[in-house]
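Undergrad: So I've got this file, target17.csv, and it contains CSV, C-alpha atoms (C1' of nucleotides):
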```
chain,number,residue,atom,x,y,z
W,1,MET,CA,125.6,97.7,304.3
W,2,ARG,CA,128.8,99.4,304.8
W,3,LEU,CA,130.7,100.0,308.0
W,4,SER,CA,132.0,103.5,308.6
W,5,GLU,CA,135.7,104.1,307.7
W,6,GLY,CA,136.1,105.5,311.2
W,7,VAL,CA,135.8,102.0,312.6
W,8,GLU,CA,138.9,100.9,310.9
W,9,TRP,CA,140.8,104.0,312.1
W,10,GLY,CA,139.5,103.6,315.6
W,11,LEU,CA,140.7,100.0,315.9
W,12,HIS,CA,144.1,100.8,314.6
W,13,CYS,CA,144.3,103.8,316.9
W,14,ALA,CA,143.4,101.7,319.9
W,15,ALA,CA,146.1,99.2,319.0
W,16,VAL,CA,148.7,102.0,318.9
W,17,LEU,CA,147.4,103.7,322.1
W,18,ALA,CA,148.0,100.4,323.9
W,19,PHE,CA,151.7,101.2,323.8
W,20,VAL,CA,151.4,104.6,325.4
W,21,PRO,CA,153.1,104.5,328.8
W,22,GLU,CA,151.2,105.3,332.1
W,23,GLY,CA,150.4,109.0,332.6
W,24,LYS,CA,151.2,110.1,329.1
W,25,GLY,CA,149.0,110.8,326.1
W,26,LEU,CA,149.4,110.7,322.3
W,27,PRO,CA,147.9,113.7,320.5
W,28,ALA,CA,145.3,113.1,317.8
W,29,THR,CA,147.5,114.8,315.3
W,30,LYS,CA,150.2,112.2,315.8
W,31,LEU,CA,147.8,109.4,315.4
W,32,ALA,CA,146.5,110.9,312.2
W,33,GLU,CA,149.9,111.3,310.6
W,34,TYR,CA,150.9,107.8,311.7
W,35,HIS,CA,148.0,106.3,309.8
W,36,GLY,CA,148.0,108.8,307.0
W,37,VAL,CA,144.4,110.0,307.5
W,38,PRO,CA,142.9,113.5,307.8
W,39,GLY,CA,143.5,114.6,311.4
W,40,ALA,CA,140.4,116.8,311.7
W,41,TYR,CA,138.1,113.9,310.9
W,42,LEU,CA,140.0,111.4,313.0
W,43,ALA,CA,139.4,113.7,315.9
W,44,LYS,CA,135.7,113.1,315.5
W,45,SER,CA,136.2,109.4,315.9
W,46,LEU,CA,138.4,109.8,318.9
W,47,GLN,CA,135.8,112.0,320.5
W,48,SER,CA,133.3,109.1,320.2
W,49,LEU,CA,135.8,106.8,321.7
W,50,SER,CA,136.3,109.2,324.5
W,51,ARG,CA,132.6,109.5,325.2
W,52,ALA,CA,132.4,105.7,325.4
W,53,ARG,CA,135.1,105.6,328.0
W,54,ILE,CA,137.4,103.6,325.7
W,55,VAL,CA,140.1,106.2,325.5
W,56,GLU,CA,140.6,109.1,327.8
W,57,ALA,CA,141.8,112.6,326.8
W,58,LEU,CA,144.4,114.4,328.7
W,59,PRO,CA,143.8,118.1,328.1
W,60,GLY,CA,146.4,120.8,328.1
W,61,ARG,CA,149.6,121.4,326.3
W,62,ASN,CA,151.3,118.1,326.6
W,63,GLY,CA,148.0,116.2,326.5
W,64,GLY,CA,146.7,113.6,324.2
W,65,TYR,CA,144.8,110.4,324.1
W,66,ARG,CA,145.4,107.1,326.0
W,67,LEU,CA,143.4,103.9,326.7
W,68,ALA,CA,141.0,104.3,329.5
W,69,ARG,CA,141.3,100.7,330.4
W,70,PRO,CA,143.9,97.9,330.0
W,71,ALA,CA,144.0,96.6,326.4
W,72,ASP,CA,142.7,93.2,327.5
W,73,GLU,CA,139.5,94.8,328.9
W,74,ILE,CA,138.6,96.5,325.7
W,75,THR,CA,136.9,94.3,323.1
W,76,VAL,CA,136.7,95.0,319.4
W,77,LEU,CA,132.9,95.2,319.8
W,78,ASP,CA,133.4,98.0,322.3
W,79,VAL,CA,135.2,100.0,319.7
W,80,VAL,CA,132.8,99.2,316.9
W,81,GLU,CA,129.7,100.1,318.9
W,82,ALA,CA,131.3,103.3,320.1
W,83,LEU,CA,131.9,104.4,316.6
W,84,ASP,CA,129.1,102.9,314.7
W,85,GLY,CA,126.3,102.8,317.3
W,86,ALA,CA,124.9,99.8,319.0
W,87,GLU,CA,121.6,99.6,317.0
W,88,PRO,CA,121.3,96.4,315.0
W,89,ALA,CA,121.9,96.7,311.3
W,90,PHE,CA,118.4,95.4,310.5
W,91,ARG,CA,115.5,97.7,311.4
W,92,CYS,CA,112.2,96.0,311.5
W,93,THR,CA,109.5,98.5,310.5
W,94,GLU,CA,106.7,96.0,311.3
W,95,ILE,CA,105.4,96.0,307.7
W,96,ARG,CA,103.6,92.8,308.6
W,97,ARG,CA,100.9,95.0,310.3
W,98,ARG,CA,100.1,96.8,307.1
W,99,ALA,CA,98.4,93.9,305.3
W,100,PRO,CA,95.2,95.1,303.6
W,101,PHE,CA,93.0,93.0,305.8
W,102,LYS,CA,92.2,93.0,309.5
W,103,ILE,CA,94.6,91.0,311.7
W,104,PRO,CA,93.9,90.3,315.4
W,105,LYS,CA,96.3,92.0,317.7
W,106,SER,CA,97.3,88.7,319.4
W,107,ASP,CA,99.1,87.8,316.2
W,108,PHE,CA,101.6,90.6,316.9
W,109,GLN,CA,102.5,89.5,320.4
W,110,ILE,CA,105.0,87.2,318.9
W,111,PRO,CA,108.0,89.1,317.3
W,112,CYS,CA,108.2,89.1,313.5
W,113,SER,CA,109.9,85.9,312.3
W,114,ILE,CA,112.2,87.8,309.9
W,115,HIS,CA,113.1,90.3,312.6
W,116,THR,CA,114.0,87.3,314.9
W,117,VAL,CA,116.3,85.7,312.3
W,118,MET,CA,118.0,89.0,311.5
W,119,ASP,CA,118.5,89.7,315.2
W,120,ARG,CA,120.0,86.3,315.8
W,121,ALA,CA,122.5,86.9,313.0
W,122,ASP,CA,123.3,90.3,314.4
W,123,ALA,CA,123.9,88.7,317.8
W,124,ALA,CA,126.3,86.2,316.3
W,125,TRP,CA,128.2,89.0,314.6
W,126,ARG,CA,128.6,90.9,317.9
W,127,ALA,CA,129.4,87.8,319.9
W,128,GLU,CA,132.3,87.1,317.5
W,129,LEU,CA,133.6,90.6,318.0
W,130,ARG,CA,133.2,90.4,321.7
W,131,THR,CA,135.6,87.4,322.0
W,132,VAL,CA,138.5,89.5,320.7
W,133,SER,CA,140.2,92.2,322.7
W,134,ILE,CA,142.6,94.9,321.7
W,135,ALA,CA,145.3,92.9,323.5
W,136,ASP,CA,144.4,89.9,321.3
W,137,ILE,CA,144.9,92.1,318.2
W,138,LEU,CA,148.3,93.1,319.5
W,139,GLY,CA,149.1,89.4,320.1
W,140,MET,CA,148.3,88.5,316.5
W,141,PHE,CA,150.3,91.5,315.4
W,142,VAL,CA,153.5,90.8,317.2
W,143,GLN,CA,153.3,87.2,316.4
W,144,HIS,CA,153.6,87.8,312.7
W,145,VAL,CA,155.5,91.1,312.3
W,146,SER,CA,159.3,91.3,312.2
W,147,PRO,CA,161.0,92.4,315.5
W,148,GLU,CA,162.6,95.2,313.5
W,149,THR,CA,159.3,96.7,312.8
W,150,ILE,CA,158.3,96.6,316.5
W,151,THR,CA,161.5,98.5,317.3
W,152,LYS,CA,160.9,101.1,314.7
W,153,GLY,CA,157.3,101.5,316.0
W,154,ALA,CA,158.5,101.9,319.6
W,155,HIS,CA,161.1,104.4,318.4
W,156,TRP,CA,158.5,106.4,316.5
W,157,LEU,CA,156.3,106.5,319.6
W,158,GLU,CA,159.2,107.8,321.8
W,159,GLU,CA,159.6,110.7,319.5
W,160,ALA,CA,155.9,111.4,319.2
W,161,LEU,CA,155.2,111.5,322.9
W,162,PRO,CA,155.6,114.8,324.6
C,1,MET,CA,126.1,100.4,309.7
C,2,ARG,CA,122.6,100.2,308.4
C,3,LEU,CA,121.0,97.6,306.3
C,4,SER,CA,119.0,98.9,303.4
C,5,GLU,CA,115.2,99.1,303.8
C,6,GLY,CA,114.8,97.0,300.7
C,7,VAL,CA,116.2,94.0,302.5
C,8,GLU,CA,113.2,93.9,304.8
C,9,TRP,CA,110.8,94.3,301.9
C,10,GLY,CA,112.5,91.6,299.9
C,11,LEU,CA,112.3,89.1,302.6
C,12,HIS,CA,108.6,89.7,303.2
C,13,CYS,CA,108.0,89.6,299.5
C,14,ALA,CA,109.7,86.3,299.2
C,15,ALA,CA,107.6,85.0,302.0
C,16,VAL,CA,104.4,86.1,300.3
C,17,LEU,CA,105.5,84.8,296.9
C,18,ALA,CA,106.0,81.3,298.4
C,19,PHE,CA,102.2,81.0,298.3
C,20,VAL,CA,101.9,81.8,294.6
C,21,PRO,CA,100.7,78.7,292.8
C,22,GLU,CA,102.6,77.0,289.9
C,23,GLY,CA,102.6,78.9,286.6
C,24,LYS,CA,101.2,82.1,288.0
C,25,GLY,CA,102.8,85.4,289.0
C,26,LEU,CA,102.0,88.2,291.5
C,27,PRO,CA,102.5,91.7,290.1
C,28,ALA,CA,104.9,94.0,291.9
C,29,THR,CA,102.0,96.5,292.3
C,30,LYS,CA,100.1,94.0,294.4
C,31,LEU,CA,103.1,93.2,296.5
C,32,ALA,CA,103.6,96.9,297.2
C,33,GLU,CA,100.0,97.6,298.2
C,34,TYR,CA,100.1,94.5,300.4
C,35,HIS,CA,103.0,95.7,302.3
C,36,GLY,CA,102.1,99.4,302.2
C,37,VAL,CA,105.3,100.5,300.5
C,38,PRO,CA,106.0,102.6,297.4
C,39,GLY,CA,105.5,100.4,294.4
C,40,ALA,CA,108.0,102.1,292.2
C,41,TYR,CA,110.8,101.6,294.6
C,42,LEU,CA,109.9,98.1,295.5
C,43,ALA,CA,110.2,97.3,291.8
C,44,LYS,CA,113.8,98.2,292.1
C,45,SER,CA,114.4,95.6,294.8
C,46,LEU,CA,112.4,93.0,292.9
C,47,GLN,CA,114.6,93.5,289.9
C,48,SER,CA,117.7,92.8,292.0
C,49,LEU,CA,116.0,89.6,293.2
C,50,SER,CA,115.2,88.7,289.6
C,51,ARG,CA,118.8,89.2,288.5
C,52,ALA,CA,120.0,87.0,291.3
C,53,ARG,CA,117.6,84.2,290.1
C,54,ILE,CA,115.7,84.2,293.4
C,55,VAL,CA,112.5,85.3,291.9
C,56,GLU,CA,111.5,85.1,288.2
C,57,ALA,CA,109.4,87.5,286.3
C,58,LEU,CA,106.6,86.5,284.0
C,59,PRO,CA,106.2,89.2,281.5
C,60,GLY,CA,103.0,90.2,279.7
C,61,ARG,CA,99.6,91.2,280.7
C,62,ASN,CA,98.8,88.7,283.4
C,63,GLY,CA,102.4,88.4,284.4
C,64,GLY,CA,104.1,89.1,287.8
C,65,TYR,CA,106.7,87.6,290.1
C,66,ARG,CA,107.1,84.2,291.5
C,67,LEU,CA,109.9,82.3,293.3
C,68,ALA,CA,112.5,80.9,291.0
C,69,ARG,CA,113.1,78.0,293.3
C,70,PRO,CA,111.3,76.1,296.0
C,71,ALA,CA,111.1,78.1,299.2
C,72,ASP,CA,113.3,75.6,301.1
C,73,GLU,CA,116.1,76.2,298.6
C,74,ILE,CA,116.3,79.9,299.1
C,75,THR,CA,118.2,81.1,302.2
C,76,VAL,CA,117.7,84.4,303.9
C,77,LEU,CA,121.4,85.1,303.0
C,78,ASP,CA,120.5,84.7,299.3
C,79,VAL,CA,118.0,87.4,299.6
C,80,VAL,CA,120.2,89.7,301.7
C,81,GLU,CA,123.2,89.4,299.4
C,82,ALA,CA,121.0,89.9,296.3
C,83,LEU,CA,119.7,93.2,297.7
C,84,ASP,CA,122.6,94.4,299.7
C,85,GLY,CA,125.6,93.1,297.8
C,86,ALA,CA,128.0,90.3,298.9
C,87,GLU,CA,130.9,92.5,299.9
C,88,PRO,CA,131.7,92.4,303.6
C,89,ALA,CA,130.7,95.3,305.7
C,90,PHE,CA,134.2,96.1,306.8
C,91,ARG,CA,136.6,97.3,304.1
C,92,CYS,CA,140.3,97.1,305.0
C,93,THR,CA,142.1,100.0,303.4
C,94,GLU,CA,145.5,98.7,304.6
C,95,ILE,CA,146.3,101.7,306.6
C,96,ARG,CA,148.9,99.7,308.4
C,97,ARG,CA,151.2,100.2,305.4
C,98,ARG,CA,151.1,104.0,305.8
C,99,ALA,CA,153.2,104.1,308.9
C,100,PRO,CA,155.8,106.9,308.7
C,101,PHE,CA,158.8,104.5,308.7
C,102,LYS,CA,160.0,101.8,306.4
C,103,ILE,CA,158.4,98.4,306.9
C,104,PRO,CA,159.7,95.2,305.1
C,105,LYS,CA,157.3,93.8,302.5
C,106,SER,CA,157.3,90.4,304.2
C,107,ASP,CA,155.3,91.9,307.1
C,108,PHE,CA,152.4,92.4,304.8
C,109,GLN,CA,152.3,88.8,303.6
C,110,ILE,CA,150.1,88.0,306.6
C,111,PRO,CA,146.7,89.6,306.4
C,112,CYS,CA,146.0,92.5,308.7
C,113,SER,CA,144.9,91.2,312.2
C,114,ILE,CA,142.0,93.6,312.4
C,115,HIS,CA,140.9,92.7,308.9
C,116,THR,CA,141.0,89.0,309.9
C,117,VAL,CA,138.8,89.6,313.0
C,118,MET,CA,136.2,91.6,311.2
C,119,ASP,CA,136.0,89.1,308.4
C,120,ARG,CA,135.5,86.3,310.9
C,121,ALA,CA,132.6,88.2,312.4
C,122,ASP,CA,131.2,88.8,309.0
C,123,ALA,CA,131.4,85.1,308.2
C,124,ALA,CA,129.6,84.3,311.4
C,125,TRP,CA,126.8,86.7,310.4
C,126,ARG,CA,126.4,85.2,307.0
C,127,ALA,CA,126.6,81.6,308.3
C,128,GLU,CA,123.7,82.4,310.6
C,129,LEU,CA,121.6,83.8,307.8
C,130,ARG,CA,122.5,80.8,305.6
C,131,THR,CA,121.0,78.3,308.1
C,132,VAL,CA,117.5,79.8,307.6
C,133,SER,CA,115.4,79.3,304.5
C,134,ILE,CA,112.3,81.2,303.3
C,135,ALA,CA,110.4,77.9,304.1
C,136,ASP,CA,111.7,78.1,307.7
C,137,ILE,CA,110.5,81.7,307.9
C,138,LEU,CA,107.0,80.5,306.8
C,139,GLY,CA,107.2,77.7,309.3
C,140,MET,CA,107.8,80.1,312.1
C,141,PHE,CA,105.0,82.3,310.8
C,142,VAL,CA,102.3,79.7,310.6
C,143,GLN,CA,103.3,78.3,313.9
C,144,HIS,CA,102.4,81.5,315.7
C,145,VAL,CA,99.8,83.3,313.7
C,146,SER,CA,96.1,82.5,314.0
C,147,PRO,CA,94.5,80.2,311.4
C,148,GLU,CA,92.0,83.0,310.7
C,149,THR,CA,94.8,85.2,309.5
C,150,ILE,CA,96.1,82.5,307.2
C,151,THR,CA,92.7,82.2,305.6
C,152,LYS,CA,92.4,85.9,305.1
C,153,GLY,CA,95.9,86.0,303.5
C,154,ALA,CA,95.0,83.1,301.2
C,155,HIS,CA,91.8,84.8,300.2
C,156,TRP,CA,93.6,88.1,299.5
C,157,LEU,CA,96.1,86.2,297.3
C,158,GLU,CA,93.2,84.6,295.3
C,159,GLU,CA,91.9,88.0,294.5
C,160,ALA,CA,95.2,89.5,293.7
C,161,LEU,CA,96.3,86.8,291.3
C,162,PRO,CA,95.2,87.4,287.7
K,1,DG,C1',167.9,132.3,343.9
K,2,DG,C1',163.0,131.2,344.5
K,3,DA,C1',158.2,131.9,344.2
K,4,DG,C1',154.4,133.9,342.0
K,5,DT,C1',152.0,135.5,338.0
K,6,DG,C1',150.8,136.4,333.5
K,7,DA,C1',151.1,135.1,328.7
K,8,DT,C1',151.6,131.4,325.6
K,9,DA,C1',151.2,127.3,323.0
K,10,DC,C1',149.3,123.3,322.5
K,11,DT,C1',145.4,120.2,323.5
K,12,DC,C1',140.5,118.6,323.1
K,13,DG,C1',135.4,119.5,322.0
K,14,DG,C1',131.5,120.8,319.5
K,15,DA,C1',129.3,123.3,315.6
K,16,DT,C1',129.6,123.8,310.6
K,17,DA,C1',130.0,122.7,305.0
K,18,DT,C1',130.4,119.1,301.3
K,19,DC,C1',129.5,114.6,298.9
K,20,DT,C1',128.6,109.9,298.1
K,21,DG,C1',125.1,106.3,298.2
K,22,DG,C1',120.4,105.0,299.5
K,23,DT,C1',115.6,106.5,298.5
K,24,DG,C1',112.0,107.6,295.5
K,25,DT,C1',110.0,108.3,290.8
K,26,DC,C1',109.5,108.2,286.0
K,27,DC,C1',108.9,106.5,281.2
K,28,DG,C1',110.1,103.0,277.5
K,29,DA,C1',110.4,97.9,275.7
K,30,DG,C1',108.0,93.6,275.6
K,31,DT,C1',104.3,90.1,275.9
K,32,DT,C1',99.8,88.2,276.7
K,33,DT,C1',95.2,89.0,276.3
K,34,DT,C1',91.3,90.4,274.0
K,35,DC,C1',88.2,92.2,270.8
K,36,DG,C1',86.7,92.6,266.1
K,37,DC,C1',86.4,90.9,261.5
K,38,DG,C1',86.2,87.9,257.8
K,39,DG,C1',85.5,83.3,256.1
A,1,DC,C1',80.5,79.1,264.4
A,2,DC,C1',85.6,79.2,264.0
A,3,DG,C1',90.2,81.1,262.9
A,4,DC,C1',93.0,85.0,262.2
A,5,DG,C1',95.0,89.5,263.1
A,6,DA,C1',95.7,93.9,265.0
A,7,DA,C1',95.1,96.8,268.8
A,8,DA,C1',95.3,97.4,273.6
A,9,DA,C1',96.4,96.9,278.4
A,10,DC,C1',99.2,95.4,281.5
A,11,DT,C1',103.7,93.7,282.8
A,12,DC,C1',108.8,94.2,283.8
A,13,DG,C1',113.3,96.8,282.9
A,14,DG,C1',116.5,100.4,283.2
A,15,DA,C1',117.4,105.6,283.3
A,16,DC,C1',116.6,110.0,285.9
A,17,DA,C1',115.9,113.4,290.5
A,18,DC,C1',116.0,113.9,295.7
A,19,DC,C1',117.5,113.5,300.4
A,20,DA,C1',119.8,111.7,304.7
A,21,DG,C1',124.0,110.2,306.7
A,22,DA,C1',128.9,109.7,306.3
A,23,DT,C1',133.0,112.5,305.2
A,24,DA,C1',135.8,116.4,305.9
A,25,DT,C1',136.9,120.9,308.0
A,26,DC,C1',136.9,124.8,310.9
A,27,DC,C1',137.1,127.7,315.1
A,28,DG,C1',136.3,128.2,320.2
A,29,DA,C1',137.1,126.5,325.3
A,30,DG,C1',140.4,124.8,328.5
A,31,DT,C1',144.8,123.6,330.7
A,32,DA,C1',149.9,122.6,331.5
A,33,DT,C1',153.9,124.8,330.3
A,34,DC,C1',157.1,128.5,330.2
A,35,DA,C1',159.2,132.9,330.7
A,36,DC,C1',159.4,137.0,333.2
A,37,DT,C1',159.1,139.7,337.2
A,38,DC,C1',159.3,140.7,341.9
A,39,DC,C1',160.7,139.6,346.5
```
How would this structure read if it were set down as C-alpha cells?

TA:
Amino acid sequence: MRLSEGVEWGLHCAAVLAFVPEGKGLPATKLAEYHGVPGAYLAKSLQSLSRARIVEALPGRNGGYRLARPADEITVLDVVEALDGAEPAFRCTEIRRRAPFKIPKSDFQIPCSIHTVMDRADAAWRAELRTVSIADILGMFVQHVSPETITKGAHWLEEALP
Amino acid sequence: MRLSEGVEWGLHCAAVLAFVPEGKGLPATKLAEYHGVPGAYLAKSLQSLSRARIVEALPGRNGGYRLARPADEITVLDVVEALDGAEPAFRCTEIRRRAPFKIPKSDFQIPCSIHTVMDRADAAWRAELRTVSIADILGMFVQHVSPETITKGAHWLEEALP
DNA sequence: GGAGTGATACTCGGATATCTGGTGTCCGAGTTTTCGCGG
DNA sequence: CCGCGAAAACTCGGACACCAGATATCCGAGTATCACTCC
C-alpha cells in the first residue's frame, strides 16, 4: 500500500498557497520550481485539487492558483481524498460467498467481519487526518522554523506573484 | 492508495486455518478452491505469511499450511504487514529542502510537519488493526452466521484434510 | 490625450505516452507416503 | 508375516511473464494584458 507522490506535493502546495494574498494567484510553474518537482505532472495534481474546490484557478495571463477557502477550513483529509480518491484502501470482494457449499442468504445480511475491521481502521486513519487543517500545519511549521527562513519565503513569494 | 488483493485472501485464509487440528496441514490448493481464487498466486501470499512466521508449512505428501501460533496471538496487523510490508503508506521525500533559497540546517532538525501528521494517522490505522486478533474475527463470525453453515464448513474441512 | 480594438503572452485543462509494481503463472527441490520385495 | 528399500506422488519454494495504475509529458482552449490605432 503506497500513497501517491502527488499527495505529498499537494499538501506542500496547499501550505504555500495559504500565503497568497487575496485576489492573486500563484502559477503552477512557480509552485513546481519551488518544490523542485516536474511542473507538467504537478499540474495534474493541482487540477484534482481544483475539481475538489480546495484550490481555485484564476485563468488568464496573470492567473494562477489560490486556496478556495481559508486554510483553517481545509483539512489534510480533504487534500488526501482529493488526490488519492475517497475509496477505502481495503476492497472487500466478498470471497466469503464463494465457499464450495451452499450458504443461506441470511448469513450475508451481516457485513463480512474482516471487512468491518478493515473499515474501522480506515475510519481511524481518516479521522486522524480530519483533525488537522492546513492552518495547523502552518502553525507547526512557523513554530519550529527560524524567522529568517520565513522572511526568505515571503520574499520569494513576492517575486513569484504577478 | 490501494491495499493488495492478497491481504484479503490472507486474512480469510488465516481464519480458515484456525480450524485445522493439531499436527495437520491444509494444502494451498484446497485453500484456493475454497475461496475461489487462483491457487498459484495465493501460494505467493502464503509464502509471505510463512516467512513472517504467521503460518507454518508442513512439507511432504500430506503436508499443507497451519497457523504457527494460536489464533488469539495473531493480530490482523501481523497479517497485513506480512503481506503488504511494514513501511508507512506516506513516504516523505523531504521536498521542503528543495526551496530555491538557502535554509539553515537547523530548520531540518525537526521532522517535516506534514510527515509527522501522516505518520500519526498511519500509527492510528495500525493501532486499530493491532487490537483485533484472528480469534476475534472468528468470534464475530460465529456470532452472526447460522450453525448450519458452521457444520458445513467443518465437514468440508474434514474432507479437505489429508 | 483617451478610448477602442486587435494581437499577444501567459494561464489552466484535458488527452496522450512511458514505466514501475501488483497480478498471474510456471517449474524445480524436498519430504512423506506407499508399494513391492526379500527374508 | 514383518522389515527394508526404492519409487512415486504430492507438497512448498523461488524464478519468470503480463497488465493496470501511477508517473511524466504534451498541445489546445481561454482570458487578462498590452500596444497600437483612430477619434

Undergrad: Name the residues in contact with segment 92-95 of chain W at a cut-off of 10 Å, using all atoms listed in the file, excluding same-chain residues fewer than 3 positions from it; report them as number ranges by chain.

TA: W: 88-89, 98-99, 108, 111-112, 114-116, 118-119; C: 5, 8-9, 12, 34-37

Undergrad: Could you build a table of the residues in chain A lying no more than 8 Å from chain W, giving for each the nearest pair of atoms and their separation in Å rounded to one decimal place, using all atoms listed in the file, ordered by chain and ascending residue number, as a tab-separated table?

TA:
```
residue	atom	partner	partner_atom	distance
A:DA22	C1'	W:Ser4	CA	7.3
A:DT23	C1'	W:Tyr41	CA	7.8
A:DA24	C1'	W:Tyr41	CA	6.0
A:DT25	C1'	W:Ala40	CA	6.5
A:DG30	C1'	W:Gly60	CA	7.2
A:DT31	C1'	W:Gly60	CA	4.1
A:DA32	C1'	W:Gly60	CA	5.2
A:DT33	C1'	W:Arg61	CA	6.8
```

Undergrad: Anything within 9 Å of (103.6, 88.7, 289.5): list those residues as a short mmCIF file (atom, residue, chain, number, x, y, z; two decimals) with C-alpha atoms (C1' of nucleotides), keeping the file's coordinate frame, counting all atoms listed in the file and sticking to the file's coordinates.

TA:
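Output (result_24.cif):
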```cif
data_model
loop_
_atom_site.label_atom_id
_atom_site.label_comp_id
_atom_site.auth_asym_id
_atom_site.auth_seq_id
_atom_site.Cartn_x
_atom_site.Cartn_y
_atom_site.Cartn_z
CA LEU C 17 105.50 84.80 296.90
CA VAL C 20 101.90 81.80 294.60
CA LYS C 24 101.20 82.10 288.00
CA GLY C 25 102.80 85.40 289.00
CA LEU C 26 102.00 88.20 291.50
CA PRO C 27 102.50 91.70 290.10
CA ALA C 28 104.90 94.00 291.90
CA THR C 29 102.00 96.50 292.30
CA LYS C 30 100.10 94.00 294.40
CA LEU C 31 103.10 93.20 296.50
CA GLU C 56 111.50 85.10 288.20
CA ALA C 57 109.40 87.50 286.30
CA LEU C 58 106.60 86.50 284.00
CA PRO C 59 106.20 89.20 281.50
CA ASN C 62 98.80 88.70 283.40
CA GLY C 63 102.40 88.40 284.40
CA GLY C 64 104.10 89.10 287.80
CA TYR C 65 106.70 87.60 290.10
CA ARG C 66 107.10 84.20 291.50
CA LEU C 161 96.30 86.80 291.30
CA PRO C 162 95.20 87.40 287.70
"C1'" DT A 11 103.70 93.70 282.80
#
```

Undergrad: Mind dumping a table of every chain K residue within 10 Å of segment 1-10 of chain A, with the nearest atom pair and its distance in Å to one decimal, using all atoms listed in the file, sorted by chain and rising number, as CSV?

TA:
```
residue,atom,partner,partner_atom,distance
K:DT31,C1',A:DC10,C1',9.2
K:DT32,C1',A:DC10,C1',8.7
K:DT33,C1',A:DA9,C1',8.3
K:DT34,C1',A:DA8,C1',8.1
K:DC35,C1',A:DA7,C1',8.5
K:DG36,C1',A:DA6,C1',9.2
K:DC37,C1',A:DG5,C1',8.9
K:DG38,C1',A:DC4,C1',8.6
K:DG39,C1',A:DG3,C1',8.6
```

Undergrad: Taking all atoms listed in the file into account, find every residue of chain C that has an atom no more than 7 Å from chain W, and write it out as a PyMOL selection string.

TA: chain C and resi 1-4+34-36+84+89-90+95-96+98-100+103+107+113-114+121-122+124-125+128-129+137+140-141+145-146+149

Undergrad: With a distance threshold of 12 Å and counting all atoms listed in the file, extract the residues of chain K near chain W and express them as a list in words.

TA: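 Close enough to count are DT8, DA9, DC10, DT11, DC12, DG13, DG14, DG21 and DG22 of chain K.
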
Undergrad: Can you measure atom CA of Leu49 of chain W to atom CA of Ala82 of chain W for me? One decimal in Å is fine.

TA: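 Going from atom CA of Leu49 of chain W over to atom CA of Ala82 of chain W, I get 5.9 Å.
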